[in-house]
Amino acid sequence: MIKIAVSMGQIFIKERNETRDFIDNKLIYFFRKCVNCQIYLINNFDKKNKKNILNLKNFIIKNKINFIVISGGENIGKNKLRDFTEINLLKYAIEKNIPLLGLCRGMQLINIYFRGKLNKIEGHVAKKNNIIDYKSKKYRKITCYHGNGIKKIGNGLYFLHKSSDNEIESIKHRSKKLFGIMWHPERFKFFQNKDIELIRNFVKK
């Protein structure tokens with residue numbers, strides 16, 4: 001049984017004066033299609049409370065989490081609480097050698113953590129793009145939802161997929177169990193076998 005911890009987005013509802021953590025439930029369905037798993041959701045927490053980091057680690061240990069996902073959402077820097085939560089998830093995954101997958105924003109966070117750089121790009125927000133798998137040399141079509149691209153790839157990282165306009169669409173770390181993809185596999189009308197195979201192979205390594 002794969003036990004997956006998934007980070008969440010966050011939104012403030014002004015009329016209710018409340019902050020909500022959220023996740024697209026299609027992402028949960030997608031992972032259940034990939035592997036036999038249990039899903040655990042990680043709330044964003046206040047970085048002023050140092051106990052939260054310890055609680056996060058205890059949560060992962062207690063529930064025997066063996067796979068972590070940093071989900072997509074708003075750009076890095078827009079929400080400091082979410083940034084703080086996910087950076088600590090990434091650090092802990094590296095420390096304990098837990099496989100971690102970054103989706104869109106999550107991939108960008110991995111790249112920044114390893115001193116890579118982002119830049120604004122055109123033609124990748126709700127746009128269909130062809131990507132090439134540099135291992136198989138095969139093309140396929142995806143829909144992208146990111147306004148940022150990889151300007152400089154981080155230390156120890158390399159790319160696996162690029163778009164037809166030469167934007168990096170997936171990265172891996174050379175020695176750590178880190179993988180990032182820029183597209184959203186859960187947003188296809190029907191989940192793609194190529195995505196299921198890609199994630200399944202990474203989860204089970």
# chains A, B, ... in the order shown; residues from 1 in each chain; ligands from 1
>>> residues_around(residues="range 61-67 of chain A", least_positions_apart="3", cutoff="9 Å", atoms="only C-alpha atoms", output="list in words")
Ile2, Lys3, Ile4, Ala5, Val6, Tyr40, Leu56, Lys57, Asn58, Ala93, Ile98, Pro99, Leu100, Leu101 and Val203 of chain A
>>> write_last_selection(atoms="all heavy atoms", output="tab-separated table (two decimals), in the first residue's frame")
chain	number	residue	atom	x	y	z
A	2	ILE	N	0.68	2.11	-0.99
A	2	ILE	CA	1.40	3.38	-1.04
A	2	ILE	C	0.61	4.42	-0.24
A	2	ILE	O	-0.59	4.58	-0.44
A	2	ILE	CB	1.56	3.87	-2.50
A	2	ILE	CG1	2.20	2.79	-3.38
A	2	ILE	CG2	2.38	5.16	-2.54
A	2	ILE	CD1	3.60	2.43	-3.01
A	3	LYS	N	1.29	5.09	0.68
A	3	LYS	CA	0.65	6.13	1.48
A	3	LYS	C	1.17	7.49	1.03
A	3	LYS	O	2.34	7.82	1.23
A	3	LYS	CB	0.92	5.89	2.96
A	3	LYS	CG	0.30	4.58	3.46
A	3	LYS	CD	0.36	4.48	4.96
A	3	LYS	CE	-0.43	3.27	5.45
A	3	LYS	NZ	-0.50	3.20	6.93
A	4	ILE	N	0.27	8.25	0.41
A	4	ILE	CA	0.66	9.50	-0.26
A	4	ILE	C	0.18	10.71	0.53
A	4	ILE	O	-1.02	10.85	0.82
A	4	ILE	CB	0.05	9.56	-1.68
A	4	ILE	CG1	0.45	8.31	-2.49
A	4	ILE	CG2	0.50	10.82	-2.39
A	4	ILE	CD1	-0.19	8.26	-3.87
A	5	ALA	N	1.11	11.60	0.86
A	5	ALA	CA	0.76	12.88	1.47
A	5	ALA	C	0.75	13.94	0.37
A	5	ALA	O	1.72	14.07	-0.38
A	5	ALA	CB	1.77	13.25	2.55
A	6	VAL	N	-0.35	14.69	0.27
A	6	VAL	CA	-0.52	15.69	-0.79
A	6	VAL	C	-0.68	17.08	-0.18
A	6	VAL	O	-1.52	17.29	0.70
A	6	VAL	CB	-1.76	15.36	-1.66
A	6	VAL	CG1	-1.90	16.36	-2.80
A	6	VAL	CG2	-1.68	13.93	-2.20
A	40	TYR	N	-3.37	11.22	2.13
A	40	TYR	CA	-3.38	12.06	3.33
A	40	TYR	C	-3.14	13.50	2.90
A	40	TYR	O	-2.19	13.78	2.16
A	40	TYR	CB	-2.27	11.62	4.30
A	40	TYR	CG	-2.41	10.21	4.81
A	40	TYR	CD1	-2.04	9.12	4.02
A	40	TYR	CD2	-2.91	9.95	6.08
A	40	TYR	CE1	-2.17	7.82	4.48
A	40	TYR	CE2	-3.03	8.66	6.55
A	40	TYR	CZ	-2.67	7.59	5.74
A	40	TYR	OH	-2.79	6.30	6.20
A	56	LEU	N	4.45	18.19	11.55
A	56	LEU	CA	4.45	17.69	10.18
A	56	LEU	C	5.27	16.41	10.08
A	56	LEU	O	4.84	15.41	9.49
A	56	LEU	CB	5.01	18.75	9.23
A	56	LEU	CG	5.18	18.35	7.77
A	56	LEU	CD1	3.82	18.08	7.13
A	56	LEU	CD2	5.93	19.42	6.99
A	57	LYS	N	6.46	16.43	10.66
A	57	LYS	CA	7.33	15.25	10.64
A	57	LYS	C	6.68	14.08	11.39
A	57	LYS	O	6.72	12.93	10.92
A	57	LYS	CB	8.69	15.58	11.25
A	57	LYS	CG	9.49	16.58	10.42
A	57	LYS	CD	10.79	16.95	11.10
A	57	LYS	CE	11.58	17.96	10.25
A	57	LYS	NZ	12.85	18.35	10.90
A	58	ASN	N	6.08	14.37	12.53
A	58	ASN	CA	5.42	13.32	13.30
A	58	ASN	C	4.25	12.72	12.53
A	58	ASN	O	3.99	11.51	12.58
A	58	ASN	CB	4.92	13.87	14.64
A	58	ASN	CG	6.06	14.13	15.61
A	58	ASN	OD1	7.14	13.57	15.46
A	58	ASN	ND2	5.82	14.97	16.60
A	93	ALA	N	11.47	15.24	2.75
A	93	ALA	CA	11.53	14.16	1.76
A	93	ALA	C	12.99	13.86	1.39
A	93	ALA	O	13.38	12.68	1.29
A	93	ALA	CB	10.74	14.53	0.52
A	98	ILE	N	12.41	10.06	0.92
A	98	ILE	CA	11.03	9.73	0.52
A	98	ILE	C	10.80	10.27	-0.89
A	98	ILE	O	11.06	11.45	-1.15
A	98	ILE	CB	10.02	10.37	1.50
A	98	ILE	CG1	10.23	9.86	2.92
A	98	ILE	CG2	8.58	10.09	1.04
A	98	ILE	CD1	9.41	10.59	3.97
A	99	PRO	N	10.31	9.46	-1.82
A	99	PRO	CA	10.05	9.96	-3.18
A	99	PRO	C	9.05	11.13	-3.15
A	99	PRO	O	8.06	11.08	-2.42
A	99	PRO	CB	9.45	8.75	-3.90
A	99	PRO	CG	9.92	7.57	-3.13
A	99	PRO	CD	10.00	8.03	-1.70
A	100	LEU	N	9.34	12.17	-3.94
A	100	LEU	CA	8.48	13.34	-3.98
A	100	LEU	C	8.22	13.73	-5.43
A	100	LEU	O	9.14	13.81	-6.24
A	100	LEU	CB	9.12	14.51	-3.22
A	100	LEU	CG	8.30	15.81	-3.17
A	100	LEU	CD1	8.46	16.50	-1.82
A	100	LEU	CD2	8.72	16.78	-4.29
A	101	LEU	N	6.94	13.98	-5.72
A	101	LEU	CA	6.50	14.42	-7.03
A	101	LEU	C	6.01	15.85	-6.94
A	101	LEU	O	5.18	16.18	-6.09
A	101	LEU	CB	5.37	13.51	-7.53
A	101	LEU	CG	4.64	13.95	-8.82
A	101	LEU	CD1	5.57	13.83	-10.02
A	101	LEU	CD2	3.37	13.13	-9.02
A	203	VAL	N	6.60	6.02	-8.64
A	203	VAL	CA	6.14	5.65	-7.30
A	203	VAL	C	6.75	4.31	-6.88
A	203	VAL	O	7.18	4.14	-5.73
A	203	VAL	CB	4.60	5.53	-7.25
A	203	VAL	CG1	4.14	4.91	-5.95
A	203	VAL	CG2	3.96	6.90	-7.42
>>> closest_atom_pairs(of="range 34-118 of chain A", to="range 176-198 of chain A", cutoff="12 Å", atoms="only C-alpha atoms", output="JSON lines")
{"residue": "A:Cys34", "atom": "CA", "partner": "A:Ile196", "partner_atom": "CA", "distance": 5.2}
{"residue": "A:Val35", "atom": "CA", "partner": "A:Ile196", "partner_atom": "CA", "distance": 8.7}
{"residue": "A:Asn66", "atom": "CA", "partner": "A:Lys177", "partner_atom": "CA", "distance": 11.4}
{"residue": "A:Phe67", "atom": "CA", "partner": "A:Lys177", "partner_atom": "CA", "distance": 9.9}
{"residue": "A:Ile68", "atom": "CA", "partner": "A:Leu178", "partner_atom": "CA", "distance": 9.7}
{"residue": "A:Val69", "atom": "CA", "partner": "A:Gly180", "partner_atom": "CA", "distance": 9.6}
{"residue": "A:Ile70", "atom": "CA", "partner": "A:Gly180", "partner_atom": "CA", "distance": 9.2}
{"residue": "A:Ser71", "atom": "CA", "partner": "A:His184", "partner_atom": "CA", "distance": 9.2}
{"residue": "A:Gly72", "atom": "CA", "partner": "A:His184", "partner_atom": "CA", "distance": 7.8}
{"residue": "A:Gly73", "atom": "CA", "partner": "A:His184", "partner_atom": "CA", "distance": 10.3}
{"residue": "A:Leu89", "atom": "CA", "partner": "A:Leu178", "partner_atom": "CA", "distance": 12.0}
{"residue": "A:Leu90", "atom": "CA", "partner": "A:Leu178", "partner_atom": "CA", "distance": 9.0}
{"residue": "A:Lys91", "atom": "CA", "partner": "A:Leu178", "partner_atom": "CA", "distance": 11.1}
{"residue": "A:Tyr92", "atom": "CA", "partner": "A:Lys177", "partner_atom": "CA", "distance": 11.9}
{"residue": "A:Ala93", "atom": "CA", "partner": "A:Lys177", "partner_atom": "CA", "distance": 8.4}
{"residue": "A:Ile94", "atom": "CA", "partner": "A:Lys176", "partner_atom": "CA", "distance": 6.8}
{"residue": "A:Glu95", "atom": "CA", "partner": "A:Lys176", "partner_atom": "CA", "distance": 9.7}
{"residue": "A:Lys96", "atom": "CA", "partner": "A:Lys177", "partner_atom": "CA", "distance": 10.2}
{"residue": "A:Asn97", "atom": "CA", "partner": "A:Lys177", "partner_atom": "CA", "distance": 6.7}
{"residue": "A:Ile98", "atom": "CA", "partner": "A:Lys177", "partner_atom": "CA", "distance": 6.8}
{"residue": "A:Pro99", "atom": "CA", "partner": "A:Lys177", "partner_atom": "CA", "distance": 4.7}
{"residue": "A:Leu100", "atom": "CA", "partner": "A:Leu178", "partner_atom": "CA", "distance": 5.0}
{"residue": "A:Leu101", "atom": "CA", "partner": "A:Phe179", "partner_atom": "CA", "distance": 5.0}
{"residue": "A:Gly102", "atom": "CA", "partner": "A:Gly180", "partner_atom": "CA", "distance": 4.4}
{"residue": "A:Leu103", "atom": "CA", "partner": "A:Ile181", "partner_atom": "CA", "distance": 5.3}
{"residue": "A:Cys104", "atom": "CA", "partner": "A:Met182", "partner_atom": "CA", "distance": 3.9}
{"residue": "A:Arg105", "atom": "CA", "partner": "A:Met182", "partner_atom": "CA", "distance": 7.5}
{"residue": "A:Gly106", "atom": "CA", "partner": "A:Gly180", "partner_atom": "CA", "distance": 6.8}
{"residue": "A:Met107", "atom": "CA", "partner": "A:Gly180", "partner_atom": "CA", "distance": 4.3}
{"residue": "A:Gln108", "atom": "CA", "partner": "A:Gly180", "partner_atom": "CA", "distance": 7.9}
{"residue": "A:Leu109", "atom": "CA", "partner": "A:Gly180", "partner_atom": "CA", "distance": 9.2}
{"residue": "A:Ile110", "atom": "CA", "partner": "A:Gly180", "partner_atom": "CA", "distance": 7.4}
{"residue": "A:Asn111", "atom": "CA", "partner": "A:Gly180", "partner_atom": "CA", "distance": 8.8}
{"residue": "A:Tyr113", "atom": "CA", "partner": "A:Leu178", "partner_atom": "CA", "distance": 11.6}
{"residue": "A:Phe114", "atom": "CA", "partner": "A:Leu178", "partner_atom": "CA", "distance": 11.3}
>>> select_by_dssp(residues="range 17-188 of chain A", states="helix (DSSP H, G or I)", output="JSON, numbers by chain")
{"A": [25, 26, 27, 28, 29, 30, 31, 32, 33, 34, 51, 52, 53, 54, 55, 56, 57, 58, 59, 60, 61, 62, 80, 81, 82, 83, 84, 85, 86, 87, 88, 89, 90, 91, 92, 93, 94, 95, 96, 105, 106, 107, 108, 109, 110, 111, 112, 113, 185, 186, 187]}
>>> select_by_dssp(residues="range 9-54 of chain A", states="strand (DSSP E)", output="list in words")
Gly9, Gln10, Ile11, Phe12, Ile13, Glu18, Thr19, Arg20, Asp21, Phe22, Cys37, Gln38, Ile39, Tyr40, Leu41 and Ile42 of chain A
>>> closest_residue(among="A:Ile131, A:Arg32, A:Cys37, A:Ile11", to="Asn79 in chain A", atoms="only C-alpha atoms")
A:Ile11
>>> closest_residue(among="A:Asn155, A:Gly116, A:Leu160, A:Ile39", to="Lys135 in chain A", atoms="only C-alpha atoms")
A:Leu160
>>> residues_around(residues="Lys162 in chain A", least_positions_apart="5", cutoff="7 Å", atoms="only C-alpha atoms", output="NGL selection string")
:A and (131-132 or 167-169)
>>> write_last_selection(atoms="N, CA, C and O atoms", output="tab-separated table (two decimals), in the first residue's frame")
chain	number	residue	atom	x	y	z
A	131	ILE	N	4.75	17.71	-26.48
A	131	ILE	CA	5.99	17.50	-25.72
A	131	ILE	C	6.69	16.27	-26.26
A	131	ILE	O	6.05	15.34	-26.76
A	132	ILE	N	8.02	16.28	-26.16
A	132	ILE	CA	8.80	15.14	-26.59
A	132	ILE	C	9.47	14.50	-25.39
A	132	ILE	O	10.01	15.18	-24.52
A	167	GLU	N	10.36	24.60	-24.14
A	167	GLU	CA	10.23	24.81	-22.70
A	167	GLU	C	10.36	23.47	-21.97
A	167	GLU	O	9.82	22.45	-22.42
A	168	ILE	N	11.08	23.47	-20.85
A	168	ILE	CA	11.25	22.25	-20.05
A	168	ILE	C	9.92	21.91	-19.38
A	168	ILE	O	9.33	22.74	-18.69
A	169	GLU	N	9.45	20.67	-19.56
A	169	GLU	CA	8.15	20.25	-19.02
A	169	GLU	C	8.25	19.16	-17.95
A	169	GLU	O	7.25	18.82	-17.33
>>> residues_around(residues="Asn119 in chain A", least_positions_apart="6", cutoff="8 Å", atoms="only C-alpha atoms", output="PyMOL selection string")
chain A and resi 148-151
>>> atom_distance(atom1="CA of Cys144 in chain A", atom2="CA of Ser170 in chain A")
12.0 Å
>>> residues_around(residues="range 13-26 of chain A", least_positions_apart="4", cutoff="7 Å", atoms="only C-alpha atoms", output="PyMOL selection string")
chain A and resi 8-9+30+43+186
>>> write_last_selection(atoms="C-alpha atoms", output="PDB file, in the first residue's frame")
ATOM      1  CA  MET A   8      -2.982  21.718  -0.822  1.00  0.00           C
ATOM      2  CA  GLY A   9      -3.770  25.119  -2.254  1.00  0.00           C
ATOM      3  CA  PHE A  30      -5.822  10.064 -10.632  1.00  0.00           C
ATOM      4  CA  ASN A  43      -2.772  21.544   5.707  1.00  0.00           C
ATOM      5  CA  GLU A 186      -5.665  15.075 -13.519  1.00  0.00           C
TER       6      GLU A 186
END
>>> atom_distance(atom1="CA of Asn44 in chain A", atom2="CA of Gln10 in chain A")
7.6 Å
>>> atom_distance(atom1="CA of Phe202 in chain A", atom2="CA of Lys152 in chain A")
24.0 Å
>>> closest_residue(among="A:Ile53, A:Leu157, A:Val125, A:Ile199", to="Ile112 in chain A", atoms="only C-alpha atoms")
A:Leu157
